[in-house]
>>> print(open('model_27.txt').read())   # compact mmCIF, C-alpha atoms
# COMPACT_ATOMS: atom_id res chain seq x y z
CA MET N 1 -44.15 82.70 32.25
CA ILE N 2 -44.27 80.02 29.67
CA LYS N 3 -41.04 81.17 28.25
CA PRO N 4 -38.91 80.67 31.41
CA PHE N 5 -40.65 77.30 32.00
CA PHE N 6 -39.91 76.15 28.47
CA ILE N 7 -36.28 77.26 28.75
CA GLY N 8 -35.94 75.44 32.09
CA LEU N 9 -37.43 72.27 30.55
CA VAL N 10 -34.98 72.35 27.63
CA LEU N 11 -32.05 72.97 29.97
CA ALA N 12 -33.18 70.18 32.28
CA THR N 13 -33.50 67.80 29.31
CA ILE N 14 -30.00 68.68 28.06
CA ILE N 15 -28.54 68.19 31.54
CA ILE N 16 -30.31 64.84 31.93
CA PHE N 17 -28.98 63.60 28.52
CA PHE N 18 -25.50 64.84 29.38
CA LEU N 19 -25.49 63.18 32.80
CA ASN N 20 -26.96 60.00 31.33
CA SER N 21 -24.22 59.78 28.70
CA LEU N 22 -21.55 60.40 31.36
CA MET N 23 -22.97 57.71 33.56
CA ASN N 24 -23.17 55.20 30.69
CA SER N 25 -19.54 55.80 29.75
CA ALA N 26 -18.49 55.68 33.40
CA LEU N 27 -20.41 52.47 33.95
CA ALA N 28 -18.92 50.92 30.80
CA ASP N 29 -15.43 51.78 31.97
CA THR N 30 -15.89 50.44 35.46
CA ASN N 31 -18.19 47.53 34.69
CA THR N 32 -15.56 45.07 33.43
CA VAL N 33 -15.60 41.40 34.28
CA SER N 34 -12.39 40.16 35.78
CA SER N 35 -11.51 36.57 34.76
CA THR N 36 -8.36 34.47 34.44
CA VAL N 37 -7.88 32.38 31.31
CA ILE N 38 -5.73 29.29 31.77
CA ASP N 39 -4.21 27.68 28.68
CA LYS N 40 -4.37 23.90 29.21
CA SER N 41 -3.26 22.69 25.81
CA VAL N 42 -0.84 19.79 25.86
CA PRO N 43 2.57 20.46 24.34
CA THR N 44 3.03 18.71 21.02
CA ALA N 45 5.22 15.64 20.56
CA ASN N 46 8.10 16.63 18.32
CA ALA N 47 9.74 13.82 16.37
CA PRO N 48 13.51 13.95 16.77
CA SER N 49 15.55 14.82 13.74
CA VAL N 50 17.90 11.93 13.00
CA VAL N 51 20.56 13.27 10.70
CA VAL N 52 22.62 11.02 8.45
CA ASN N 53 24.89 13.41 6.59
CA ASN N 54 27.49 11.05 5.22
CA SER N 55 26.48 9.08 2.13
CA ASP N 56 29.15 6.46 2.86
CA ILE N 57 27.35 5.12 5.94
CA CYS N 58 24.67 2.91 4.30
CA LYS N 59 22.07 4.00 6.83
CA THR N 60 18.80 5.84 6.56
CA ALA N 61 16.90 7.65 9.26
CA ALA N 62 13.27 7.47 10.30
CA SER N 63 11.44 9.33 13.03
CA MET N 64 7.84 9.80 14.05
CA GLY N 65 5.74 11.36 16.75
CA ILE N 66 2.13 10.98 17.81
CA GLN N 67 0.12 13.23 20.09
CA THR N 68 -3.20 12.80 21.86
CA GLN N 69 -4.93 15.02 24.41
CA ILE N 70 -3.22 13.15 27.24
CA LEU N 71 0.04 11.68 26.00
CA GLY N 72 2.64 12.39 23.36
CA ILE N 73 5.31 9.94 22.18
CA ALA N 74 8.18 10.48 19.75
CA ASN N 75 10.93 8.16 18.53
CA GLY N 76 13.74 8.10 15.98
CA ILE N 77 15.91 5.29 14.62
CA THR N 78 18.52 4.57 11.97
CA ILE N 79 18.06 1.66 9.57
CA VAL N 80 21.04 -0.25 8.17
CA ASP N 81 20.96 -0.96 4.43
CA GLU N 82 22.70 -4.35 4.26
CA ASN N 83 22.75 -4.44 0.46
CA CYS N 84 24.58 -1.10 0.37
CA GLU N 85 27.11 -2.42 2.90
CA ARG N 86 27.63 -5.58 0.83
CA ILE N 87 28.29 -3.56 -2.33
CA LYS N 88 30.74 -1.21 -0.57
CA LEU N 89 32.63 -4.12 0.98
CA ALA N 90 32.79 -5.91 -2.39
CA ARG N 91 34.18 -2.76 -4.03
CA SER N 92 36.81 -2.47 -1.32
CA LEU N 93 37.85 -6.11 -1.74
CA TYR N 94 37.99 -5.72 -5.53
CA ALA N 95 40.11 -2.56 -5.18
CA MET N 96 42.58 -4.51 -3.02
CA GLY N 97 42.91 -7.16 -5.73
CA MET N 98 40.76 -9.80 -4.04
CA LYS N 99 38.40 -10.41 -6.93
CA VAL N 100 37.21 -13.90 -5.91
CA ALA N 101 36.47 -12.69 -2.38
CA SER N 102 34.57 -9.74 -3.85
CA VAL N 103 32.41 -12.01 -6.02
CA SER N 104 31.93 -14.42 -3.11
CA LEU N 105 30.67 -11.58 -0.92
CA LEU N 106 28.20 -10.46 -3.58
CA CYS N 107 27.03 -14.09 -3.96
CA SER N 108 25.68 -14.01 -0.41
CA ASP N 109 22.67 -12.25 -1.99
CA ALA N 110 20.27 -14.83 -3.49
CA ARG N 111 19.59 -12.63 -6.54
CA VAL N 112 23.30 -12.44 -7.42
CA PHE N 113 23.69 -16.17 -6.71
CA ASP N 114 20.84 -17.02 -9.12
CA ALA N 115 22.14 -14.64 -11.80
CA MET N 116 25.63 -16.13 -11.60
CA TRP N 117 24.20 -19.67 -11.75
CA GLN N 118 22.06 -18.87 -14.78
CA ALA N 119 25.02 -17.21 -16.51
CA GLY N 120 27.08 -20.37 -16.05
CA THR N 121 29.64 -18.70 -13.79
CA THR N 122 29.03 -20.38 -10.48
CA CYS N 123 29.71 -18.49 -7.27
CA PRO N 124 32.88 -19.55 -5.42
CA PHE N 125 32.35 -22.32 -2.87
CA LYS N 126 34.85 -22.53 0.00
CA SER N 127 37.80 -21.40 -2.18
CA LEU N 128 36.65 -23.56 -5.12
CA ILE N 129 35.69 -22.01 -8.44
CA GLY N 130 34.16 -23.25 -11.69
CA ASN N 131 32.75 -26.80 -11.93
CA GLU N 132 34.24 -27.75 -8.55
CA ALA N 133 32.29 -24.90 -6.94
CA LYS N 134 29.12 -25.97 -8.78
CA LYS N 135 29.53 -29.50 -7.44
CA GLY N 136 30.09 -28.11 -3.93
CA TRP N 137 26.88 -26.05 -4.08
CA GLU N 138 24.88 -29.03 -5.38
CA GLU N 139 26.21 -31.28 -2.60
CA ASN N 140 25.51 -28.66 0.09
CA PRO N 141 22.21 -26.97 -0.83
CA HIS N 142 21.72 -25.90 2.80
CA LEU N 143 24.57 -23.38 2.31
CA VAL N 144 22.86 -21.66 -0.64
CA PRO N 145 21.62 -18.13 0.26
CA LYS N 146 18.01 -18.16 1.42
CA GLY N 147 15.65 -16.99 -1.27
CA SER N 148 17.48 -18.62 -4.18
CA LEU N 149 14.87 -19.44 -6.82
CA ILE N 150 17.04 -21.98 -8.63
CA PHE N 151 17.66 -24.10 -5.57
CA ALA N 152 14.05 -23.64 -4.48
CA ASP N 153 12.98 -25.27 -7.78
CA LYS N 154 15.50 -28.08 -7.22
CA GLU N 155 14.19 -28.56 -3.67
CA ILE N 156 10.60 -28.80 -4.96
CA LYS N 157 11.68 -31.44 -7.50
CA ARG N 158 13.48 -33.39 -4.74
CA GLU N 159 10.35 -33.26 -2.57
CA GLU N 160 8.19 -34.45 -5.49
CA ILE N 161 10.53 -37.39 -6.09
CA LYS N 162 10.59 -38.14 -2.36
CA SER N 163 6.78 -37.97 -2.12
CA GLU N 164 6.48 -40.30 -5.12
CA SER N 165 8.87 -42.75 -3.51
CA ASP N 166 6.98 -42.43 -0.21
CA ASN N 167 3.77 -43.04 -2.12
CA ASP N 168 5.31 -46.16 -3.69
CA PHE N 169 6.26 -47.39 -0.24
CA GLU N 170 2.72 -46.77 1.00
CA LYS N 171 1.36 -48.75 -1.96
CA PHE N 172 3.78 -51.58 -1.20
CA ILE N 173 2.62 -51.72 2.43
CA PHE N 174 -1.04 -51.58 1.38
CA TYR N 175 -0.63 -54.40 -1.14
CA GLY N 176 1.39 -56.45 1.35
CA MET N 177 -1.30 -56.14 4.00
CA ALA N 178 -3.95 -56.98 1.40
CA LEU N 179 -2.06 -60.11 0.44
CA TYR N 180 -1.47 -61.06 4.05
CA THR N 181 -5.10 -60.72 5.07
CA GLY N 182 -6.49 -62.13 1.84
CA VAL N 183 -8.54 -59.01 1.15
CA SER N 184 -8.85 -58.22 -2.49
CA ALA N 185 -7.33 -55.01 -3.75
CA PHE N 186 -8.83 -53.34 -6.81
CA GLY N 187 -11.64 -55.89 -6.88
CA PHE N 188 -9.69 -59.07 -7.51
CA PRO N 189 -7.82 -61.41 -5.16
CA PHE N 190 -4.06 -61.72 -5.36
CA PHE N 191 -2.82 -65.16 -6.22
CA PHE N 192 0.78 -65.78 -7.05
>>> encode(input="model_27.txt", output="structure tokens")
Amino acid sequence: MIKPFFIGLVLATIIIFFLNSLMNSALADTNTVSSTVIDKSVPTANAPSVVVNNSDICKTAASMGIQTQILGIANGITIVDENCERIKLARSLYAMGMKVASVSLLCSDARVFDAMWQAGTTCPFKSLIGNEAKKGWEENPHLVPKGSLIFADKEIKREEIKSESDNDFEKFIFYGMALYTGVSAFGFPFFF
């Protein structure tokens, strides 16, 4: 009698383990959580590509973009290189035989103007060349390209001379008032 009971117990244990494993796998298959994932990332700000393919344009390109969690901004521009344009125009004028016009165009740059002045070959001034042009530039310093170091030095000297002459005038007025009122200047009375 123990033998059939023991066999029944073993069979019951095997059946229970088998059913338990089936139920665990069935529960794992059917016990899934259903959820919806929403992607809320902001699209990135892409900087535009500004293409300058031709090297004869004298322009460069710049673009940028910035992105935050809320807002994205992008922009692109072209930048004109005025010095490059000046050189290309001067070459064109020189190639057409207009050498003075070519040099005059280059002289609109303060660096070229100063270099020409220091070399003793003055830039053309209203169709004048040589010493006549030099005289024209000296008489009309307001027409000199801005940034010229030579004419800046001359302007400083003019201002120093002017301030000295203004200072002399101030001294004259001071001494005149001192004489008029009878107040002594520099510790002694003026008697003439």
>>> atom_distance(input="model_27.txt", atom1="atom CA of N:Asp109", atom2="atom CA of N:Cys84")
11.6 Å
>>> atom_distance(input="model_27.txt", atom1="atom CA of N:Gly136", atom2="atom CA of N:Ser104")
13.8 Å
>>> atom_distance(input="model_27.txt", atom1="atom CA of N:Ala110", atom2="atom CA of N:Asn83")
11.4 Å
>>> residues_around(input="model_27.txt", residues="N:Phe113", least_positions_apart="2", cutoff="12 Å", atoms="all atoms listed in the file", output="PyMOL selection string")
chain N and resi 103-111+115-125+134+137+143-151
>>> closest_residue(input="model_27.txt", among="N:Asn140, N:Ser102, N:Ser92, N:Asn75", to="N:Ala61", atoms="all atoms listed in the file")
N:Asn75
>>> residues_near_point(input="model_27.txt", point="(20.7, 5.1, 12.2)", cutoff="7 Å", atoms="only C-alpha atoms", output="mmCIF file with C-alpha atoms, in the frame of the given file")
data_model
loop_
_atom_site.group_PDB
_atom_site.id
_atom_site.type_symbol
_atom_site.label_atom_id
_atom_site.label_comp_id
_atom_site.auth_asym_id
_atom_site.auth_seq_id
_atom_site.Cartn_x
_atom_site.Cartn_y
_atom_site.Cartn_z
ATOM 1 C CA LYS N 59 22.070 4.000 6.830
ATOM 2 C CA THR N 60 18.800 5.840 6.560
ATOM 3 C CA ALA N 61 16.900 7.650 9.260
ATOM 4 C CA ILE N 77 15.910 5.290 14.620
ATOM 5 C CA THR N 78 18.520 4.570 11.970
ATOM 6 C CA ILE N 79 18.060 1.660 9.570
ATOM 7 C CA VAL N 80 21.040 -0.250 8.170
#
